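The file work22.pdb comes next; it holds PDB, C-alpha atoms.
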```
ATOM      1  CA  MET A   1      37.858-221.247-188.524  1.00  0.00           C
ATOM      2  CA  ILE A   2      35.965-223.319-191.070  1.00  0.00           C
ATOM      3  CA  LEU A   3      37.413-226.824-191.364  1.00  0.00           C
ATOM      4  CA  PRO A   4      37.461-229.013-194.478  1.00  0.00           C
ATOM      5  CA  PHE A   5      34.073-230.685-195.017  1.00  0.00           C
ATOM      6  CA  ILE A   6      35.491-234.159-194.342  1.00  0.00           C
ATOM      7  CA  GLU A   7      36.308-233.028-190.787  1.00  0.00           C
ATOM      8  CA  TYR A   8      32.640-232.267-190.085  1.00  0.00           C
ATOM      9  CA  LEU A   9      31.752-235.731-191.386  1.00  0.00           C
ATOM     10  CA  ASN A  10      34.416-237.336-189.190  1.00  0.00           C
ATOM     11  CA  GLU A  11      33.293-235.355-186.123  1.00  0.00           C
ATOM     12  CA  GLY A  12      29.639-236.363-186.625  1.00  0.00           C
ATOM     13  CA  LYS A  13      28.499-232.795-187.326  1.00  0.00           C
ATOM     14  CA  VAL A  14      27.166-233.992-190.678  1.00  0.00           C
ATOM     15  CA  GLU A  15      25.158-237.196-191.043  1.00  0.00           C
ATOM     16  CA  ARG A  16      25.194-239.295-194.180  1.00  0.00           C
ATOM     17  CA  GLN A  17      21.703-240.328-195.174  1.00  0.00           C
ATOM     18  CA  THR A  18      19.700-241.324-198.190  1.00  0.00           C
ATOM     19  CA  PRO A  19      19.357-238.373-200.571  1.00  0.00           C
ATOM     20  CA  ASP A  20      16.063-236.676-199.692  1.00  0.00           C
ATOM     21  CA  SER A  21      14.490-234.850-202.619  1.00  0.00           C
ATOM     22  CA  ASN A  22      11.370-234.009-200.585  1.00  0.00           C
ATOM     23  CA  MET A  23      13.456-232.241-197.936  1.00  0.00           C
ATOM     24  CA  ALA A  24      15.521-230.536-200.634  1.00  0.00           C
ATOM     25  CA  ASN A  25      12.384-229.248-202.369  1.00  0.00           C
ATOM     26  CA  ALA A  26      10.847-228.051-199.091  1.00  0.00           C
ATOM     27  CA  LEU A  27      14.015-226.183-198.105  1.00  0.00           C
ATOM     28  CA  MET A  28      14.315-224.649-201.562  1.00  0.00           C
ATOM     29  CA  ALA A  29      10.695-223.469-201.463  1.00  0.00           C
ATOM     30  CA  LYS A  30      11.222-221.972-198.013  1.00  0.00           C
ATOM     31  CA  ALA A  31      14.363-220.130-199.146  1.00  0.00           C
ATOM     32  CA  GLU A  32      12.577-218.748-202.210  1.00  0.00           C
ATOM     33  CA  LYS A  33       9.571-217.675-200.137  1.00  0.00           C
ATOM     34  CA  ARG A  34      11.828-215.924-197.625  1.00  0.00           C
ATOM     35  CA  LEU A  35      13.560-213.979-200.419  1.00  0.00           C
ATOM     36  CA  LYS A  36      10.249-212.947-202.008  1.00  0.00           C
ATOM     37  CA  HIS A  37       9.152-211.294-198.788  1.00  0.00           C
ATOM     38  CA  LEU A  38      12.210-209.176-198.164  1.00  0.00           C
ATOM     39  CA  MET A  39      11.428-205.639-197.174  1.00  0.00           C
ATOM     40  CA  GLU A  40      13.018-202.442-198.378  1.00  0.00           C
ATOM     41  CA  VAL A  41      16.467-201.948-196.903  1.00  0.00           C
ATOM     42  CA  THR A  42      16.667-198.970-194.574  1.00  0.00           C
ATOM     43  CA  ASP A  43      18.808-198.245-191.549  1.00  0.00           C
ATOM     44  CA  ASP A  44      16.030-199.741-189.418  1.00  0.00           C
ATOM     45  CA  THR A  45      15.523-202.908-191.491  1.00  0.00           C
ATOM     46  CA  ALA A  46      19.064-203.679-192.731  1.00  0.00           C
ATOM     47  CA  GLU A  47      19.799-206.124-189.903  1.00  0.00           C
ATOM     48  CA  PHE A  48      16.622-208.110-190.579  1.00  0.00           C
ATOM     49  CA  VAL A  49      17.129-208.133-194.343  1.00  0.00           C
ATOM     50  CA  PHE A  50      20.678-209.426-193.847  1.00  0.00           C
ATOM     51  CA  GLU A  51      19.407-212.187-191.525  1.00  0.00           C
ATOM     52  CA  ASP A  52      16.763-213.260-194.054  1.00  0.00           C
ATOM     53  CA  VAL A  53      19.261-213.314-196.926  1.00  0.00           C
ATOM     54  CA  TYR A  54      21.662-215.391-194.797  1.00  0.00           C
ATOM     55  CA  GLU A  55      18.878-217.815-193.851  1.00  0.00           C
ATOM     56  CA  SER A  56      17.844-218.147-197.499  1.00  0.00           C
ATOM     57  CA  ILE A  57      21.402-219.003-198.519  1.00  0.00           C
ATOM     58  CA  ARG A  58      21.659-221.503-195.653  1.00  0.00           C
ATOM     59  CA  GLU A  59      18.335-223.121-196.594  1.00  0.00           C
ATOM     60  CA  PHE A  60      19.351-223.339-200.248  1.00  0.00           C
ATOM     61  CA  SER A  61      22.674-224.883-199.232  1.00  0.00           C
ATOM     62  CA  GLN A  62      20.982-227.409-196.968  1.00  0.00           C
ATOM     63  CA  ALA A  63      18.624-228.252-199.843  1.00  0.00           C
ATOM     64  CA  VAL A  64      21.633-229.093-202.011  1.00  0.00           C
ATOM     65  CA  MET A  65      23.147-231.121-199.181  1.00  0.00           C
ATOM     66  CA  ALA A  66      19.883-233.032-198.614  1.00  0.00           C
ATOM     67  CA  SER A  67      19.729-233.894-202.308  1.00  0.00           C
ATOM     68  CA  LYS A  68      23.277-235.316-202.013  1.00  0.00           C
ATOM     69  CA  GLY A  69      22.551-237.294-198.831  1.00  0.00           C
ATOM     70  CA  TYR A  70      23.941-235.021-196.105  1.00  0.00           C
ATOM     71  CA  LYS A  71      22.283-233.536-193.032  1.00  0.00           C
ATOM     72  CA  PRO A  72      24.402-230.864-191.296  1.00  0.00           C
ATOM     73  CA  SER A  73      24.060-229.951-187.627  1.00  0.00           C
ATOM     74  CA  SER A  74      26.038-226.711-187.781  1.00  0.00           C
ATOM     75  CA  HIS A  75      26.234-223.598-189.918  1.00  0.00           C
ATOM     76  CA  GLU A  76      29.983-224.119-190.187  1.00  0.00           C
ATOM     77  CA  ALA A  77      29.450-227.507-191.843  1.00  0.00           C
ATOM     78  CA  VAL A  78      27.149-225.890-194.422  1.00  0.00           C
ATOM     79  CA  ILE A  79      29.721-223.203-195.199  1.00  0.00           C
ATOM     80  CA  SER A  80      32.448-225.832-195.456  1.00  0.00           C
ATOM     81  CA  TYR A  81      30.342-227.911-197.852  1.00  0.00           C
ATOM     82  CA  LEU A  82      29.798-224.881-200.089  1.00  0.00           C
ATOM     83  CA  ARG A  83      33.466-223.965-200.039  1.00  0.00           C
ATOM     84  CA  ASP A  84      34.671-227.518-200.736  1.00  0.00           C
ATOM     85  CA  ASN A  85      32.043-228.106-203.447  1.00  0.00           C
ATOM     86  CA  GLU A  86      32.093-224.784-205.251  1.00  0.00           C
ATOM     87  CA  ASN A  87      30.970-226.400-208.531  1.00  0.00           C
ATOM     88  CA  LEU A  88      27.571-227.516-207.213  1.00  0.00           C
ATOM     89  CA  ASP A  89      25.353-229.184-209.787  1.00  0.00           C
TER      90      ASP A  89
END
```

Conversion result in structure tokens:
Amino acid sequence: MILPFIEYLNEGKVERQTPDSNMANALMAKAEKRLKHLMEVTDDTAEFVFEDVYESIREFSQAVMASKGYKPSSHEAVISYLRDNENLD
């Protein structure tokens, strides 16, 4: 079960830090690069394509979090941040 984002902060699964635009830009570039190199989806490649799409979304989300001053240590915290901040700017 995904908890409210504040719970991950309280549990120490997300660190507050100075917003890091360099990290945000690097993560964004990595996510974009990963998406550009996706292969054709077939029965043999579907699992790998799904993994790369998931990783791209996670990297993009962590880029947003870095730009806002958060560093997550779990995938659940990233999902919670997205859910609780659905109007990301």

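Comparing A:Val64, A:Ala77, A:Ile57, A:Leu82 by their smallest distance to Pro19 of chain A, the closest is A:Val64 (using all atoms listed in the file).
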
Skip Lys68 of chain A itself and residues of its chain fewer than 3 positions away, then list as a VMD selection string all residues within 12 Å of it, counting all atoms listed in the file.
-> chain A and resid 15 to 21 23 to 24 61 to 65 71 to 72 81 85 88 to 89

Once you have the residues from the selection above, write them out as a PDB file, in the coordinates of the input, restricted to C-alpha atoms.
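In the end it all went to out-v4.pdb:
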```
ATOM      1  CA  GLU A  15      25.158-237.196-191.043  1.00  0.00           C
ATOM      2  CA  ARG A  16      25.194-239.295-194.180  1.00  0.00           C
ATOM      3  CA  GLN A  17      21.703-240.328-195.174  1.00  0.00           C
ATOM      4  CA  THR A  18      19.700-241.324-198.190  1.00  0.00           C
ATOM      5  CA  PRO A  19      19.357-238.373-200.571  1.00  0.00           C
ATOM      6  CA  ASP A  20      16.063-236.676-199.692  1.00  0.00           C
ATOM      7  CA  SER A  21      14.490-234.850-202.619  1.00  0.00           C
ATOM      8  CA  MET A  23      13.456-232.241-197.936  1.00  0.00           C
ATOM      9  CA  ALA A  24      15.521-230.536-200.634  1.00  0.00           C
ATOM     10  CA  SER A  61      22.674-224.883-199.232  1.00  0.00           C
ATOM     11  CA  GLN A  62      20.982-227.409-196.968  1.00  0.00           C
ATOM     12  CA  ALA A  63      18.624-228.252-199.843  1.00  0.00           C
ATOM     13  CA  VAL A  64      21.633-229.093-202.011  1.00  0.00           C
ATOM     14  CA  MET A  65      23.147-231.121-199.181  1.00  0.00           C
ATOM     15  CA  LYS A  71      22.283-233.536-193.032  1.00  0.00           C
ATOM     16  CA  PRO A  72      24.402-230.864-191.296  1.00  0.00           C
ATOM     17  CA  TYR A  81      30.342-227.911-197.852  1.00  0.00           C
ATOM     18  CA  ASN A  85      32.043-228.106-203.447  1.00  0.00           C
ATOM     19  CA  LEU A  88      27.571-227.516-207.213  1.00  0.00           C
ATOM     20  CA  ASP A  89      25.353-229.184-209.787  1.00  0.00           C
TER      21      ASP A  89
END
```

Atom CA of Gly12 of chain A sits from atom CA of Glu59 of chain A at a separation of 20.1 Å

Selection result of the PyMOL selection byres ((chain A and resi 32-43) around 10) on this file, as a ChimeraX atom specification = /A:26-31,44-50,52-57,59-60

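Put simply, atom CA of Ser67 of chain A is 21.2 Å away from atom CA of Glu11 of chain A.
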
So that I can see what lies close to Arg58 of chain A, please list as a compact mmCIF listing (two decimals) with C-alpha atoms, in the coordinates of the input the residues with an atom at most 9 Å from it, counting only C-alpha atoms and leaving out residues fewer than 6 positions away in the same chain.
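This is the output file result_17.txt:
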```txt
# COMPACT_ATOMS: atom_id res chain seq x y z
CA ALA A 31 14.36 -220.13 -199.15
CA HIS A 75 26.23 -223.60 -189.92
CA VAL A 78 27.15 -225.89 -194.42
CA ILE A 79 29.72 -223.20 -195.20
```

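Pairwise distance (atom CA of Asp84 of chain A, atom CA of Ile6 of chain A) equals 9.3 Å.
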
Residue contacts of Ser80 of chain A (10 Å, only C-alpha atoms) excluding same-chain residues fewer than 5 positions away, as an MDAnalysis selection string | chainID A and resid 1:8 75 85:86

Once you have the residues from the selection above, write them out as a PDB file, keeping the file's coordinate frame, restricted to C-alpha atoms.
```pdb
ATOM      1  CA  MET A   1      37.858-221.247-188.524  1.00  0.00           C
ATOM      2  CA  ILE A   2      35.965-223.319-191.070  1.00  0.00           C
ATOM      3  CA  LEU A   3      37.413-226.824-191.364  1.00  0.00           C
ATOM      4  CA  PRO A   4      37.461-229.013-194.478  1.00  0.00           C
ATOM      5  CA  PHE A   5      34.073-230.685-195.017  1.00  0.00           C
ATOM      6  CA  ILE A   6      35.491-234.159-194.342  1.00  0.00           C
ATOM      7  CA  GLU A   7      36.308-233.028-190.787  1.00  0.00           C
ATOM      8  CA  TYR A   8      32.640-232.267-190.085  1.00  0.00           C
ATOM      9  CA  HIS A  75      26.234-223.598-189.918  1.00  0.00           C
ATOM     10  CA  ASN A  85      32.043-228.106-203.447  1.00  0.00           C
ATOM     11  CA  GLU A  86      32.093-224.784-205.251  1.00  0.00           C
TER      12      GLU A  86
END
```
